[in-house]
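run_39.txt (compact mmCIF, C-alpha atoms) appears below.
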```
# COMPACT_ATOMS: atom_id res chain seq x y z
CA PRO A 158 2.10 0.02 -15.29
CA LEU A 159 3.04 -0.36 -11.63
CA ILE A 160 3.54 2.94 -9.84
CA THR A 161 6.91 3.08 -8.06
CA ALA A 162 8.71 5.57 -5.85
CA SER A 163 10.36 7.02 -8.94
CA ASN A 164 7.19 7.98 -10.78
CA MET A 165 4.43 8.71 -8.26
CA ALA A 166 3.98 10.68 -5.07
CA TYR A 167 2.08 9.28 -2.13
CA HIS A 168 -0.72 11.07 -0.28
CA PRO A 169 -1.89 10.73 3.33
CA THR A 170 -4.92 8.91 1.89
CA THR A 171 -2.58 6.34 0.29
CA ILE A 172 -1.04 5.63 3.66
CA LYS A 173 -4.56 5.39 5.09
CA LEU A 174 -5.40 2.64 2.56
CA HIS A 175 -2.66 0.53 4.13
CA SER A 176 -3.59 1.24 7.75
CA ASP A 177 -7.39 1.12 7.41
CA HIS A 178 -7.77 -1.65 4.86
CA CYS A 179 -5.01 -3.84 3.48
CA PRO A 180 -1.51 -3.54 1.96
CA HIS A 181 -2.93 -4.96 -1.27
CA ALA A 182 -5.21 -1.92 -1.56
CA VAL A 183 -2.04 0.17 -1.99
CA THR A 184 -0.79 -2.27 -4.66
CA LEU A 185 -4.05 -1.84 -6.58
CA TRP A 186 -3.72 1.94 -6.19
CA LYS A 187 -0.18 1.73 -7.61
CA LYS A 188 -1.58 -0.13 -10.62
CA GLY A 189 -3.94 2.76 -11.24
CA LEU A 190 -7.06 0.66 -10.70
CA LYS A 191 -10.17 2.84 -10.64
CA TYR A 192 -12.71 2.59 -7.85
CA ASP A 193 -16.14 4.02 -7.11
CA ARG A 194 -15.78 7.53 -5.72
CA SER A 195 -19.49 8.36 -5.70
CA ILE A 196 -19.61 8.53 -1.89
CA PHE A 197 -17.27 11.52 -2.05
CA HIS A 198 -19.40 13.73 -4.35
CA THR A 199 -21.14 15.62 -1.52
CA GLY A 200 -17.84 16.47 0.15
CA ILE A 201 -16.13 17.33 -3.14
CA VAL A 202 -18.78 19.91 -4.03
CA ALA A 203 -18.91 21.31 -0.49
CA HIS A 204 -15.14 21.82 -0.48
CA ALA A 205 -15.22 23.43 -3.93
CA VAL A 206 -17.93 25.90 -2.89
CA LEU A 207 -16.11 26.93 0.30
CA GLU A 208 -12.86 27.31 -1.62
CA LYS A 209 -14.42 29.63 -4.20
CA ILE A 210 -16.26 31.66 -1.55
CA GLY A 211 -12.89 32.28 0.10
CA GLN A 212 -11.21 33.16 -3.19
CA LEU A 213 -14.06 35.39 -4.45
CA PRO A 214 -15.28 37.26 -1.34
CA ASP A 215 -17.09 39.94 -3.37
CA GLU A 216 -19.33 37.48 -5.22
CA GLU A 217 -22.70 36.27 -3.95
CA PRO A 218 -22.15 32.84 -2.31
CA ARG A 219 -25.35 31.40 -3.77
CA ILE A 220 -24.26 32.31 -7.30
CA ILE A 221 -20.86 30.71 -6.67
CA ALA A 222 -22.53 27.55 -5.41
CA ASP A 223 -24.91 27.35 -8.37
CA LYS A 224 -22.03 27.68 -10.86
CA ILE A 225 -20.05 24.93 -9.15
CA VAL A 226 -23.04 22.57 -9.03
CA GLU A 227 -23.68 23.16 -12.72
CA ARG A 228 -20.03 22.57 -13.67
CA TYR A 229 -19.50 19.54 -11.45
CA CYS A 230 -22.76 17.93 -12.63
CA THR A 231 -21.95 18.42 -16.31
CA LYS A 232 -18.15 18.21 -16.64
CA GLY A 233 -16.98 16.68 -13.37
CA ARG A 234 -13.57 17.60 -12.03
CA ALA A 235 -9.95 16.41 -12.12
CA TYR A 236 -8.08 15.37 -8.98
CA ASP A 237 -4.30 15.32 -9.33
CA ASN A 238 -4.87 15.73 -13.09
CA VAL A 239 -7.01 12.56 -13.15
CA PRO A 240 -10.50 13.27 -14.56
CA GLU A 241 -13.48 12.14 -12.47
CA PRO A 242 -17.07 11.64 -13.68
CA PRO A 243 -19.77 14.28 -13.10
CA SER A 244 -21.46 14.45 -9.72
CA PRO A 245 -25.07 13.27 -9.32
CA LEU A 246 -27.31 16.31 -8.89
CA LYS A 247 -28.66 15.17 -5.51
CA GLN A 248 -25.21 14.88 -3.92
CA ALA A 249 -24.03 18.10 -5.54
CA LEU A 250 -27.00 20.06 -4.19
CA GLU A 251 -26.44 18.60 -0.74
CA GLY A 252 -22.77 19.59 -0.84
CA ALA A 253 -23.63 23.14 -1.88
CA ARG A 254 -26.25 23.39 0.86
CA LEU A 255 -23.80 22.21 3.53
CA ALA A 256 -21.21 24.73 2.36
CA LEU A 257 -23.63 27.68 2.30
CA GLU A 258 -25.08 26.82 5.71
CA TYR A 259 -21.61 26.51 7.19
CA HIS A 260 -20.54 29.82 5.63
CA ALA A 261 -23.63 31.52 7.11
CA ARG A 262 -22.60 30.31 10.58
CA HIS A 263 -18.82 30.60 10.19
CA PRO A 264 -17.94 33.02 7.36
CA VAL A 265 -15.11 31.72 5.18
CA PRO A 266 -12.03 33.92 5.78
CA ASN A 267 -10.14 35.68 3.02
CA GLY A 268 -7.26 38.09 2.67
CA ASP A 269 -3.49 38.17 2.99
CA GLY A 270 -1.91 35.04 4.38
CA ILE A 271 -4.96 32.86 3.70
CA THR A 272 -4.72 30.11 1.09
CA HIS A 273 -7.58 27.84 0.08
CA GLU A 274 -6.68 24.39 -1.29
CA HIS A 275 -3.03 24.92 -0.39
CA PRO A 276 -0.76 22.44 -2.26
CA PHE A 277 2.32 20.93 -0.63
CA ALA A 278 4.87 18.58 -2.19
CA TYR A 279 8.24 17.28 -0.99
CA ASN A 280 10.91 15.12 -2.59
CA LYS A 281 12.77 12.19 -1.02
CA ASP A 282 15.09 14.60 0.83
CA TRP A 283 12.14 16.59 2.23
CA GLU A 284 12.89 19.55 0.00
CA GLU A 285 9.82 21.44 -1.17
CA VAL A 286 9.06 21.07 -4.89
CA GLU A 287 6.24 22.06 -7.22
CA TYR A 288 3.11 20.01 -6.60
CA PHE A 289 3.32 18.13 -9.91
CA HIS A 290 7.13 17.99 -10.11
CA LYS A 291 8.39 14.56 -11.17
CA SER A 292 10.59 14.33 -8.06
CA ALA A 293 7.66 14.79 -5.68
CA ARG A 294 7.47 11.88 -3.23
CA PHE A 295 4.81 13.15 -0.83
CA ARG A 296 1.88 15.40 -1.73
CA THR A 297 -1.10 16.79 0.10
CA LEU A 298 -3.75 19.48 -0.41
CA LEU A 299 -4.93 21.39 2.66
CA ASP A 300 -8.40 22.94 2.69
CA VAL A 301 -7.36 26.22 4.33
CA VAL A 302 -4.04 27.51 5.67
CA GLU A 303 -3.90 30.86 7.48
CA ILE A 304 -0.53 32.41 8.28
CA LYS A 305 -0.40 35.51 10.44
CA GLN A 306 1.96 37.48 12.67
CA GLU A 307 0.84 38.30 16.18
CA TYR A 308 2.58 40.04 19.08
CA ASP A 309 3.14 37.71 22.03
CA GLU A 310 3.14 39.53 25.36
CA TYR A 311 4.95 36.72 27.14
CA ALA A 312 7.74 36.42 24.54
CA GLN A 313 7.66 40.18 23.89
CA LYS A 314 8.01 39.66 20.16
CA ASN A 315 6.00 38.87 17.05
CA ILE A 316 5.30 35.19 16.51
CA THR A 317 4.05 33.30 13.46
CA ILE A 318 0.76 31.47 13.87
CA ALA A 319 -0.35 28.85 11.32
CA THR A 320 -3.98 27.71 11.35
CA ILE A 321 -4.76 24.54 9.38
CA ARG A 322 -8.48 24.04 8.72
CA ASP A 323 -9.89 20.74 7.48
CA TYR A 324 -13.53 20.59 6.35
CA LYS A 325 -15.36 17.33 7.10
CA THR A 326 -18.79 16.26 5.84
CA SER A 327 -19.05 13.18 8.04
CA TRP A 328 -21.46 13.38 10.96
CA MET A 329 -18.86 11.46 12.97
CA ALA A 330 -16.04 14.00 12.60
CA ASN A 331 -15.13 15.19 16.09
CA ARG A 332 -12.23 16.05 18.37
CA GLU A 333 -10.61 12.65 17.86
CA GLU A 334 -9.80 13.69 14.27
CA LEU A 335 -7.27 16.19 15.66
CA ASP A 336 -4.79 13.38 16.35
CA SER A 337 -5.24 11.35 13.20
CA PHE A 338 -2.32 10.50 10.93
CA GLN A 339 -3.73 12.86 8.29
CA ARG A 340 -3.73 15.73 10.76
CA ARG A 341 -0.12 14.96 11.71
CA CYS A 342 0.83 15.06 8.03
CA GLN A 343 -0.80 18.48 7.73
CA ALA A 344 1.06 19.82 10.75
CA VAL A 345 4.40 18.55 9.43
CA VAL A 346 4.15 20.04 5.92
CA VAL A 347 3.07 23.45 7.26
CA TRP A 348 5.83 23.34 9.89
CA LEU A 349 8.45 22.57 7.22
CA LYS A 350 7.31 25.37 4.91
CA TYR A 351 6.38 28.22 7.21
CA LYS A 352 8.41 27.51 10.40
CA PRO A 353 5.56 28.80 12.61
CA ASP A 354 5.86 29.28 16.36
CA LEU A 355 2.30 28.08 16.93
CA ILE A 356 0.30 25.57 14.89
CA ILE A 357 -3.48 25.45 15.29
CA LEU A 358 -5.11 22.32 13.90
CA GLU A 359 -8.82 22.76 13.21
CA ILE A 360 -11.60 20.34 12.27
CA ALA A 361 -14.74 21.98 10.88
CA ASN A 362 -17.74 19.64 10.76
CA LEU A 363 -19.95 20.98 7.96
CA ARG A 364 -23.00 19.06 9.17
CA THR A 365 -22.99 19.87 12.88
CA LYS A 366 -21.26 23.25 12.35
CA ALA A 367 -18.95 22.33 15.25
CA ILE A 368 -15.29 23.40 15.22
CA TYR A 369 -12.60 21.49 17.12
CA THR A 370 -9.10 22.86 17.65
CA ARG A 371 -5.73 21.72 18.96
CA GLU A 372 -2.67 23.92 19.50
CA LEU A 373 0.94 22.84 19.04
CA ASN A 374 3.79 25.02 20.28
CA ALA A 375 6.26 24.29 17.49
CA ASN A 376 9.21 25.42 19.60
CA LEU A 377 8.38 23.36 22.67
CA GLU A 378 7.02 20.41 20.71
CA SER A 379 9.58 20.30 17.88
CA GLU A 380 10.59 16.79 18.94
CA THR A 381 7.01 15.64 18.42
CA LEU A 382 6.92 17.19 14.95
CA HIS A 383 10.24 15.50 14.08
CA GLU A 384 8.81 12.17 15.22
CA TRP A 385 5.72 12.69 13.05
CA LYS A 386 7.96 13.47 10.06
CA GLU A 387 9.91 10.26 10.70
CA ASP A 388 6.62 8.33 10.88
CA ILE A 389 5.67 9.67 7.46
CA GLU A 390 9.08 8.72 6.09
CA LEU A 391 8.73 5.19 7.46
CA ALA A 392 5.25 4.90 5.94
CA LEU A 393 6.53 6.02 2.53
CA ASN A 394 9.41 3.54 2.67
CA THR A 395 6.94 0.80 3.57
CA LEU A 396 4.66 1.62 0.65
CA ASP A 397 7.64 1.38 -1.71
CA LYS A 398 8.01 -2.32 -0.92
CA GLN A 399 6.26 -5.30 -2.43
CA LEU A 400 3.21 -5.51 -0.18
CA LYS A 401 1.70 -8.79 0.96
CA PRO A 402 -2.11 -8.98 0.93
CA ASN A 403 -3.78 -9.24 4.32
CA PRO A 404 -7.53 -9.61 3.70
CA GLY A 405 -9.81 -9.47 6.72
CA ILE A 406 -11.87 -6.89 8.58
CA GLY A 407 -10.10 -4.16 6.60
CA CYS A 408 -12.01 -5.35 3.53
CA ILE A 409 -15.12 -3.72 4.96
CA ARG A 410 -15.51 -0.34 3.27
CA CYS A 411 -12.36 -0.88 1.22
CA PRO A 412 -12.89 0.91 -2.12
CA TYR A 413 -11.06 -1.86 -3.96
CA ALA A 414 -12.97 -4.83 -2.50
CA PRO A 415 -15.30 -5.25 -5.54
CA LYS A 416 -12.24 -5.71 -7.80
CA CYS A 417 -9.94 -7.61 -5.45
CA LYS A 418 -9.06 -11.29 -6.03
CA HIS A 419 -8.16 -11.75 -2.37
CA PHE A 420 -11.57 -10.48 -1.30
CA ASP A 421 -13.19 -12.97 -3.69
CA ASP A 422 -11.05 -15.76 -2.21
CA MET A 423 -12.17 -14.74 1.27
CA TYR A 424 -15.82 -14.99 0.21
CA GLN A 425 -15.17 -18.49 -1.17
CA SER A 426 -13.17 -19.54 1.90
CA LYS A 427 -14.09 -22.51 4.09
CA ASP A 428 -13.55 -20.23 7.09
CA ILE A 429 -17.04 -19.02 8.06
CA ILE A 430 -15.66 -15.87 9.73
CA LYS A 431 -13.97 -14.81 6.50
CA ARG A 432 -17.12 -15.55 4.53
CA TYR A 433 -19.16 -13.54 7.05
CA ILE A 434 -16.88 -10.49 6.71
CA ALA A 435 -17.04 -10.71 2.92
CA ALA A 436 -20.81 -11.08 2.96
CA LYS A 437 -21.15 -7.98 5.16
CA GLU A 438 -19.15 -5.95 2.65
CA ILE A 439 -21.09 -7.29 -0.34
CA ILE A 440 -24.39 -6.36 1.32
CA ARG A 441 -23.04 -2.91 2.27
CA ASN A 442 -22.17 -2.28 -1.39
CA LEU A 443 -25.32 -3.71 -2.94
CA GLU A 444 -27.98 -2.38 -0.57
CA PRO A 445 -27.67 1.32 -1.58
CA GLN A 446 -27.85 0.31 -5.24
CA ILE A 447 -30.96 -1.80 -4.69
CA LYS A 448 -32.57 0.94 -2.59
CA LEU A 449 -31.97 3.45 -5.39
CA ALA A 450 -33.26 1.07 -8.07
CA THR A 451 -36.45 0.19 -6.15
CA LYS A 452 -37.15 3.52 -4.43
CA ASP A 453 -39.87 4.64 -6.85
CA GLN A 454 -40.78 1.21 -8.16
CA PRO A 455 -42.91 -1.65 -6.83
CA PRO A 456 -40.83 -4.27 -5.02
CA LYS A 457 -39.32 -6.84 -7.38
CA GLN A 458 -41.24 -10.10 -7.36
CA MET A 459 -39.04 -13.10 -6.59
CA SER A 460 -39.76 -16.72 -5.80
CA LEU A 461 -41.60 -16.86 -2.44
CA GLY A 462 -41.53 -13.10 -1.90
CA VAL A 463 -40.37 -9.65 -2.99
CA VAL A 464 -37.25 -7.48 -2.68
CA GLY A 465 -37.47 -3.73 -2.26
CA TYR A 466 -39.80 -1.42 -0.36
CA ALA A 467 -42.95 -3.08 0.96
CA THR A 468 -45.73 -1.27 2.77
CA LYS A 469 -46.16 -2.37 6.37
CA GLU A 470 -48.25 -1.28 9.31
CA ARG A 471 -47.02 -0.18 12.73
CA LYS A 472 -48.55 1.46 15.75
CA LYS A 473 -47.90 4.99 16.96
CA ILE A 474 -49.08 6.87 20.04
CA VAL A 475 -52.23 8.98 19.75
CA PRO A 476 -51.73 12.63 20.88
CA ASP A 477 -53.95 12.38 23.98
CA ALA A 478 -52.73 8.97 25.19
CA LYS A 479 -51.21 10.31 28.39
CA GLN A 480 -54.35 12.25 29.30
CA ILE A 481 -56.55 9.19 28.74
CA LEU A 482 -54.40 7.24 31.18
CA LEU A 483 -54.45 10.02 33.77
CA ASP A 484 -58.21 10.56 33.48
CA GLU A 485 -59.37 6.96 33.55
CA TYR A 486 -56.91 5.11 35.76
CA ASP A 487 -55.38 5.35 39.21
CA THR A 488 -53.68 8.70 39.90
CA ASN A 489 -50.46 6.84 40.63
CA THR A 490 -50.21 6.39 36.87
CA GLU A 491 -48.68 9.87 36.68
CA ASP A 492 -45.74 8.70 38.78
CA LEU A 493 -44.90 6.18 36.10
CA PHE A 494 -44.26 8.95 33.55
CA GLN A 495 -41.33 10.23 35.60
CA ASN A 496 -39.34 7.09 34.72
CA LEU A 497 -41.02 5.92 31.54
CA ASP A 498 -41.05 7.29 27.99
CA LEU A 499 -44.46 7.05 26.34
CA SER A 500 -43.48 4.68 23.54
CA VAL A 501 -45.61 1.97 21.95
CA ARG A 502 -43.64 -0.65 23.84
CA ASN A 503 -44.22 1.10 27.16
CA ILE A 504 -47.90 1.63 26.38
CA GLN A 505 -48.13 -2.13 26.02
CA LYS A 506 -46.43 -2.57 29.41
CA LEU A 507 -48.75 -0.04 31.06
CA ALA A 508 -51.81 -1.69 29.57
CA LYS A 509 -50.72 -5.00 31.05
CA LEU A 510 -50.42 -3.39 34.50
CA LEU A 511 -53.70 -1.48 34.33
CA THR A 512 -56.06 -4.13 32.95
CA LYS A 513 -57.23 -7.50 34.20
CA ASN A 514 -57.62 -9.49 30.98
CA LYS A 515 -56.37 -9.64 27.41
CA THR A 516 -59.54 -8.18 25.90
CA ASP A 517 -59.39 -5.08 28.09
CA ARG A 518 -55.65 -4.80 27.46
CA ASP A 519 -56.07 -4.92 23.68
CA ASN A 520 -58.92 -2.40 23.83
CA LEU A 521 -56.78 0.03 25.84
CA ILE A 522 -53.85 -0.33 23.47
CA ASP A 523 -56.18 0.31 20.52
CA ARG A 524 -57.41 3.52 22.19
CA LEU A 525 -53.92 4.78 22.93
CA THR A 526 -52.34 3.96 19.59
CA THR A 527 -53.16 4.14 15.93
CA SER A 528 -51.78 2.38 12.87
CA GLU A 529 -49.63 4.02 10.22
CA SER A 530 -48.15 2.72 6.99
CA TYR A 531 -44.42 2.89 6.31
CA ALA A 532 -41.99 1.68 3.65
CA SER A 533 -39.81 -1.16 4.90
CA PHE A 534 -36.79 -2.05 2.75
CA GLY A 535 -35.53 -5.61 2.59
CA VAL A 536 -36.34 -9.13 1.54
CA HIS A 537 -39.97 -9.85 2.31
CA LYS A 538 -41.06 -13.46 2.26
CA ASP A 539 -44.63 -14.20 1.27
CA LYS A 540 -46.83 -14.94 4.25
CA ASP A 541 -48.61 -18.27 4.38
CA LYS A 542 -52.19 -17.87 3.23
```
Rewrite the structure from the file as structure tokens, please.
Amino acid sequence: PLITASNMAYHPTTIKLHSDHCPHAVTLWKKGLKYDRSIFHTGIVAHAVLEKIGQLPDEEPRIIADKIVERYCTKGRAYDNVPEPPSPLKQALEGARLALEYHARHPVPNGDGITHEHPFAYNKDWEEVEYFHKSARFRTLLDVVEIKQEYDEYAQKNITIATIRDYKTSWMANREELDSFQRRCQAVVVWLKYKPDLIILEIANLRTKAIYTRELNANLESETLHEWKEDIELALNTLDKQLKPNPGIGCIRCPYAPKCKHFDDMYQSKDIIKRYIAAKEIIRNLEPQIKLATKDQPPKQMSLGVVGYATKERKKIVPDAKQILLDEYDTNTEDLFQNLDLSVRNIQKLAKLLTKNKTDRDNLIDRLTTSESYASFGVHKDKDK
């Protein structure tokens, strides 16, 4: 059955489907169409471990992590009461490792005023309701919310400070995330509930261990917060409508592309640009599956070649290459190292400068480099015999 405004609440991620991909992705979400969520397993486990460490400060973090990995790999979890399949062990272990390493660097806070996985839900009139209440129109779960009172010397009174922490497992998560639509949604729901004087938005990159922050003076910037709330309202009203498909570049990385008729039509289009975009997305989806299937197997034999990992040879620099050059050639050679990295390509350039014929050049390159085998993934055409 089609999800409508009367029977389902939207999330910031639902709005993101529309802005990052295509309006039809939201339509497929409304229909309850399932999509592959395997790329999220590492982040899901990492978030779960950090949440439990914050909720159970007296327990050993490693024991907490092990229990979560075991549970998520055997029973899976439910998100918004929708069951999800168990996590693959590899991704679960990586998520637990990221969480424990982050906790070792930045201990997860606990205590009064700190809520992990804080639920927020509002109805069509922006009145707060229970998270799963049937009137909920907008829902979101925040990783960590810290509410505290602090004396402000300038104002000469106690002020309320709300810190909103969002854990990210992407290497790319940086300061730019502080002004994303998702972050604005987080600021608005906390502002509506707690009426803080100061809002601190925080991005915690679990891979780099970097923390990025942005402060909002809720009193001086209340107009901005009102505008953000109106933007959310406009987005929700838009999602309520019948949405026209708009396939294109947004199809890349769209979770619904493998099950979307409009994506299939784009692949069959006479427009070569549309076919190119569709082909890029098909390859992006298939390549990880083929890599996994062929990782520990010989490459699959096909007509005129193989597909998978094939062993190839490449050159690498020998440890004493620089010293050989300095000892045996003009002393000016050392000046070249000030502006030149000693790579295989640059060794080849140096050899061309330092020798007088191809035989000497090849001999020098052979002395300065050695061959190593490596696994190259792809389609490998048979070489002519």
Review point. Counting all atoms listed in the file, what is within 10 Å of Met423 in chain A, bar same-chain residues fewer than 5 positions away, as a PyMOL selection string?
Key: chain A and resi 404-405+408+418+428-436
Can you spit out the residues from that selection as a compact mmCIF listing (two decimals), keeping the file's coordinate frame, using C-alpha atoms?
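The resulting file, again_15.txt, is reproduced below:
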```txt
# COMPACT_ATOMS: atom_id res chain seq x y z
CA PRO A 404 -7.53 -9.61 3.70
CA GLY A 405 -9.81 -9.47 6.72
CA CYS A 408 -12.01 -5.35 3.53
CA LYS A 418 -9.06 -11.29 -6.03
CA ASP A 428 -13.55 -20.23 7.09
CA ILE A 429 -17.04 -19.02 8.06
CA ILE A 430 -15.66 -15.87 9.73
CA LYS A 431 -13.97 -14.81 6.50
CA ARG A 432 -17.12 -15.55 4.53
CA TYR A 433 -19.16 -13.54 7.05
CA ILE A 434 -16.88 -10.49 6.71
CA ALA A 435 -17.04 -10.71 2.92
CA ALA A 436 -20.81 -11.08 2.96
```
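Of note, CA of Tyr369 in chain A and CA of His260 in chain A are spaced 16.3 Å apart.
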**Study point:** Contacts of Glu258 in chain A within 12 Å, only C-alpha atoms, excl. fewer than 3 positions in-chain, as a VMD selection string
**Key:** chain A and resid 203 206 to 207 218 to 219 222 251 to 255 261 to 265 362 to 366
**Study point:** For Pro169 in chain A, the nearest of the candidates A:Ile447, A:Ala330, A:Leu511, A:Leu396, counting only C-alpha atoms
**Key:**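 Closest to Pro169 in chain A, using only C-alpha atoms: A:Leu396.
The two atoms in question, CA of Val226 in chain A and CA of Glu359 in chain A, are spaced 26.4 Å apart.
Taking only C-alpha atoms into account, Leu335 in chain A lies nearest to A:Ile360 out of the set A:Val347, A:Leu482, A:Ile316, A:Ile360.
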Point to revise | Who sits within 10 Å of Ile389 in chain A, all atoms listed in the file, same chain under 3 positions skipped, as a PyMOL selection string | key: chain A and resi 169+172+295+338-339+341-342+345+383-386+392-395
Review point. Hey, can you check how far CA of Asp193 in chain A sits from CA of Leu174 in chain A?
Key: 14.5 Å
Exercise for review: Please identify all polymer residues within 8 Å of Cys230 in chain A, counting all atoms listed in the file, omitting same-chain residues fewer than 4 positions from it, and present them as a list in words.
Suggested key: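 Using all atoms listed in the file, the neighbours found are Val226, Pro243, Ser244, Pro245, Leu246 and Ala249 of chain A.
Using only C-alpha atoms, the residues found no farther than 7 Å from Lys305 in chain A, other than those of its own chain fewer than 2 positions away, are Gly270, Glu303, Glu307, Thr317, Ile318 and Ala319 of chain A.
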Exercise for review: Go through A:Ile220, A:Met165, A:Thr231, A:Asp269 one by one, measure the shortest atom-to-atom distance of each to His290 in chain A using all atoms listed in the file, and give the residue with the smallest value.
Suggested key: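 Using all atoms listed in the file, the shortest distance to His290 in chain A belongs to A:Met165.
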